[in-house]
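To keep things clear, I will list the structure first and then write my remarks on it.
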Amino acid sequence: MQVLFLALGASRKRAVVEESAEVVARGDRAVVLVGARKPWLDQGFAPEVELVTAEELEASHLPRRLERLVLYRVPRLVVQVAGRGPLRSKAKRALKAYERRVAGRIHRRVFVPLHRRVWPKLADRMVWRHFSPRKGPELMVVADALSVPRAVQLIQAWESEGLAVPRVSYGIDSDVSPQTSAAR
């Protein structure tokens, strides 16, 4: 079974950590989708639990990877190769200025609006694709109140695309299915 934990508010950290550990202990897959990674870094997740953010999932989309390659990685490579010896400090300063003034502005003003216009439901699809290709999560655990609107958005997007909609619960213990009943 594949379980998606929505924990965007980070208010029930201990419950998410314990329940995700319980899921992986049963041999199932647990993915925890958080709003920001920083509040969760000090939590003791089981090694098999995947902690991801929506930004990380969107960054794995091919157009985003190409944008990052063109705007950031190629210029860094050029500075690394050309900026040796006495030119090193000037090259690093130029690279920082380029990333701040040029690449950052192009990203924010051109690519982000274009990306949102061309792929408006990309974030929902990327959450689905993070699971196995043929079936997405079988259970979605909505861990806190801030995750409820996102859960509704995900369910509506998946229904509109004809994808299977997972069961929804507030915790692992409140999930009533044949698999979880047999496991208990």
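Every chain in the structure tokens takes a letter, A first, then B, and so on in the order presented; its residues are numbered from 1, and the ligands are numbered from 1 following the presented order.
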Contact residues around segment 52-61 of chain A with only C-alpha atoms at 7 Å, ignoring same-chain residues under 3 positions, as a compact mmCIF listing (two decimals) with all heavy atoms, in the first residue's frame:
```txt
# COMPACT_ATOMS: atom_id res chain seq x y z
N VAL A 32 5.70 11.76 2.79
CA VAL A 32 5.19 12.88 3.58
C VAL A 32 5.41 14.14 2.76
O VAL A 32 6.54 14.52 2.46
CB VAL A 32 5.92 12.98 4.94
CG1 VAL A 32 5.36 14.15 5.74
CG2 VAL A 32 5.79 11.69 5.72
N LEU A 33 4.30 14.79 2.36
CA LEU A 33 4.35 16.04 1.60
C LEU A 33 4.22 17.19 2.58
O LEU A 33 3.22 17.30 3.29
CB LEU A 33 3.23 16.08 0.57
CG LEU A 33 3.17 17.30 -0.33
CD1 LEU A 33 4.41 17.36 -1.23
CD2 LEU A 33 1.91 17.29 -1.18
N VAL A 34 5.25 18.03 2.65
CA VAL A 34 5.28 19.14 3.60
C VAL A 34 5.37 20.46 2.85
O VAL A 34 5.74 20.50 1.69
CB VAL A 34 6.47 19.00 4.59
CG1 VAL A 34 6.32 17.75 5.43
CG2 VAL A 34 7.79 19.00 3.86
N GLY A 35 5.03 21.54 3.55
CA GLY A 35 5.12 22.87 2.95
C GLY A 35 6.56 23.35 2.87
O GLY A 35 6.98 23.90 1.86
N ALA A 36 7.31 23.15 3.93
CA ALA A 36 8.72 23.52 3.98
C ALA A 36 9.48 22.41 4.69
O ALA A 36 8.99 21.82 5.65
CB ALA A 36 8.90 24.84 4.71
N ARG A 37 10.67 22.15 4.24
CA ARG A 37 11.47 21.05 4.79
C ARG A 37 12.09 21.41 6.14
O ARG A 37 12.27 20.54 7.00
CB ARG A 37 12.57 20.71 3.78
CG ARG A 37 13.29 19.44 4.06
CD ARG A 37 14.30 19.15 2.97
NE ARG A 37 13.75 18.44 1.85
CZ ARG A 37 13.61 17.13 1.79
NH1 ARG A 37 13.98 16.40 2.80
NH2 ARG A 37 13.10 16.56 0.73
N ARG A 64 11.34 22.48 -16.09
CA ARG A 64 12.02 23.15 -14.98
C ARG A 64 13.49 22.75 -14.92
O ARG A 64 14.36 23.57 -14.63
CB ARG A 64 11.35 22.82 -13.65
CG ARG A 64 10.06 23.53 -13.41
CD ARG A 64 10.35 24.93 -12.87
NE ARG A 64 9.14 25.69 -12.76
CZ ARG A 64 8.52 25.95 -11.62
NH1 ARG A 64 8.99 25.48 -10.51
NH2 ARG A 64 7.43 26.67 -11.61
N ARG A 65 13.78 21.49 -15.17
CA ARG A 65 15.17 21.04 -15.17
C ARG A 65 15.95 21.69 -16.30
O ARG A 65 17.11 22.07 -16.12
CB ARG A 65 15.23 19.51 -15.27
CG ARG A 65 14.72 18.82 -14.04
CD ARG A 65 15.01 17.35 -14.04
NE ARG A 65 14.82 16.73 -15.34
CZ ARG A 65 14.25 15.57 -15.56
NH1 ARG A 65 13.79 14.88 -14.55
NH2 ARG A 65 14.13 15.08 -16.77
N ALA A 123 1.44 20.57 -10.27
CA ALA A 123 1.76 20.14 -8.90
C ALA A 123 0.93 18.92 -8.51
O ALA A 123 1.43 17.98 -7.89
CB ALA A 123 1.52 21.28 -7.92
N MET A 126 2.32 15.92 -10.39
CA MET A 126 3.63 15.50 -9.91
C MET A 126 3.51 14.73 -8.59
O MET A 126 4.31 13.84 -8.33
CB MET A 126 4.57 16.70 -9.76
CG MET A 126 4.90 17.38 -11.07
SD MET A 126 5.55 16.29 -12.34
CE MET A 126 7.18 16.01 -11.76
N VAL A 127 2.54 15.07 -7.77
CA VAL A 127 2.31 14.29 -6.55
C VAL A 127 1.89 12.87 -6.95
O VAL A 127 2.39 11.89 -6.39
CB VAL A 127 1.23 14.94 -5.66
CG1 VAL A 127 0.83 14.03 -4.52
CG2 VAL A 127 1.72 16.27 -5.12
```
Which neighbours of segment 70-73 of chain A fall inside 10 Å, counting only C-alpha atoms, when residues of the same chain fewer than 5 positions from it are skipped, and could you give them as a ChimeraX atom specification? /A:64-65,78-79,95,98-99,102-104,106-107
Quick one: write out the picked residues with N, CA and C atoms as an mmCIF file, in the first residue's frame?
```
data_model
loop_
_atom_site.group_PDB
_atom_site.id
_atom_site.type_symbol
_atom_site.label_atom_id
_atom_site.label_comp_id
_atom_site.auth_asym_id
_atom_site.auth_seq_id
_atom_site.Cartn_x
_atom_site.Cartn_y
_atom_site.Cartn_z
ATOM 1 N N ARG A 64 11.336 22.481 -16.091
ATOM 2 C CA ARG A 64 12.023 23.148 -14.979
ATOM 3 C C ARG A 64 13.495 22.751 -14.922
ATOM 4 N N ARG A 65 13.780 21.487 -15.174
ATOM 5 C CA ARG A 65 15.172 21.038 -15.167
ATOM 6 C C ARG A 65 15.949 21.691 -16.295
ATOM 7 N N VAL A 78 30.739 27.486 -16.687
ATOM 8 C CA VAL A 78 31.620 28.419 -17.388
ATOM 9 C C VAL A 78 32.502 29.161 -16.395
ATOM 10 N N VAL A 79 31.939 29.621 -15.302
ATOM 11 C CA VAL A 79 32.724 30.327 -14.279
ATOM 12 C C VAL A 79 33.734 29.385 -13.644
ATOM 13 N N LEU A 95 29.283 35.940 -11.268
ATOM 14 C CA LEU A 95 28.270 34.877 -11.260
ATOM 15 C C LEU A 95 27.159 35.186 -10.265
ATOM 16 N N TYR A 98 25.036 37.891 -11.730
ATOM 17 C CA TYR A 98 24.226 37.341 -12.820
ATOM 18 C C TYR A 98 23.037 36.557 -12.272
ATOM 19 N N GLU A 99 23.282 35.691 -11.287
ATOM 20 C CA GLU A 99 22.195 34.884 -10.741
ATOM 21 C C GLU A 99 21.142 35.742 -10.064
ATOM 22 N N VAL A 102 19.966 38.735 -13.260
ATOM 23 C CA VAL A 102 19.488 38.262 -14.562
ATOM 24 C C VAL A 102 18.695 36.961 -14.431
ATOM 25 N N ALA A 103 19.336 35.920 -13.957
ATOM 26 C CA ALA A 103 18.699 34.601 -13.918
ATOM 27 C C ALA A 103 17.468 34.600 -12.998
ATOM 28 N N GLY A 104 17.587 35.205 -11.847
ATOM 29 C CA GLY A 104 16.461 35.252 -10.917
ATOM 30 C C GLY A 104 15.267 35.997 -11.493
ATOM 31 N N ILE A 106 14.615 36.524 -14.747
ATOM 32 C CA ILE A 106 14.069 35.753 -15.867
ATOM 33 C C ILE A 106 13.227 34.598 -15.336
ATOM 34 N N HIS A 107 13.720 33.951 -14.301
ATOM 35 C CA HIS A 107 12.954 32.848 -13.710
ATOM 36 C C HIS A 107 11.606 33.336 -13.192
#
```
Determine which residues of segment 16-66 of chain A receive a DSSP assignment of helix (DSSP H, G or I), computed from the backbone, and state them as a PyMOL selection string. chain A and resi 16-25+38-40+54-59+62-66
Best match for closeness to Gln156 of chain A among A:His115, A:Arg125, A:Lys135, A:Lys13, counting only C-alpha atoms: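 Counting only C-alpha atoms, the residue closest to Gln156 of chain A is A:Arg125.
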Please provide as a PyMOL selection string all residues within 8 Å of Val141 of chain A, with the sequence filter that same-chain residues fewer than 5 positions apart are discarded (counting only C-alpha atoms). chain A and resi 3-6+168-172
Among the residues of segment 32-180 of chain A, find those DSSP assigns to strand (DSSP E) from the backbone and print them as a ChimeraX atom specification. /A:32-34,50-53,139-142,167-169
Residue selection dump (C-alpha atoms) as a PDB file, in the first residue's frame:
```pdb
ATOM      1  CA  VAL A  32       5.194  12.875   3.576  1.00  0.00           C
ATOM      2  CA  LEU A  33       4.349  16.036   1.604  1.00  0.00           C
ATOM      3  CA  VAL A  34       5.285  19.138   3.604  1.00  0.00           C
ATOM      4  CA  GLU A  50      10.236   9.961   1.890  1.00  0.00           C
ATOM      5  CA  LEU A  51       9.985  13.627   2.882  1.00  0.00           C
ATOM      6  CA  VAL A  52       9.205  15.899  -0.097  1.00  0.00           C
ATOM      7  CA  THR A  53       7.967  19.404  -0.750  1.00  0.00           C
ATOM      8  CA  LEU A 139      -4.514   6.298   1.207  1.00  0.00           C
ATOM      9  CA  MET A 140      -4.157  10.021   1.839  1.00  0.00           C
ATOM     10  CA  VAL A 141      -3.699  11.005   5.468  1.00  0.00           C
ATOM     11  CA  VAL A 142      -4.609  14.662   6.016  1.00  0.00           C
ATOM     12  CA  ARG A 167      -9.149   6.878   0.541  1.00  0.00           C
ATOM     13  CA  VAL A 168      -8.855   9.867   2.862  1.00  0.00           C
ATOM     14  CA  SER A 169      -8.403   9.753   6.617  1.00  0.00           C
TER      15      SER A 169
END
```
Can you tell me which residues surround Arg14 of chain A at a distance of at most 9 Å, considering only C-alpha atoms, apart from same-chain residues fewer than 4 positions away, and format the answer as a list in words?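 Answer for this query is Glu18, Glu19 and Gln43 of chain A.
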Include C-alpha atoms and write out the residues we just selected as a CSV table (one decimal), in the first residue's frame.
```
chain,number,residue,atom,x,y,z
A,18,GLU,CA,5.0,7.8,14.3
A,19,GLU,CA,2.3,6.9,11.7
A,43,GLN,CA,12.2,15.0,13.4
```
Report, in Å with one decimal, the straight-line distance from atom CA of Val31 of chain A to atom CA of Leu69 of chain A. 27.4 Å
Interatomic distance, atom CA of Ala46 of chain A to atom CA of Glu22 of chain A (Å, one decimal): 9.1 Å
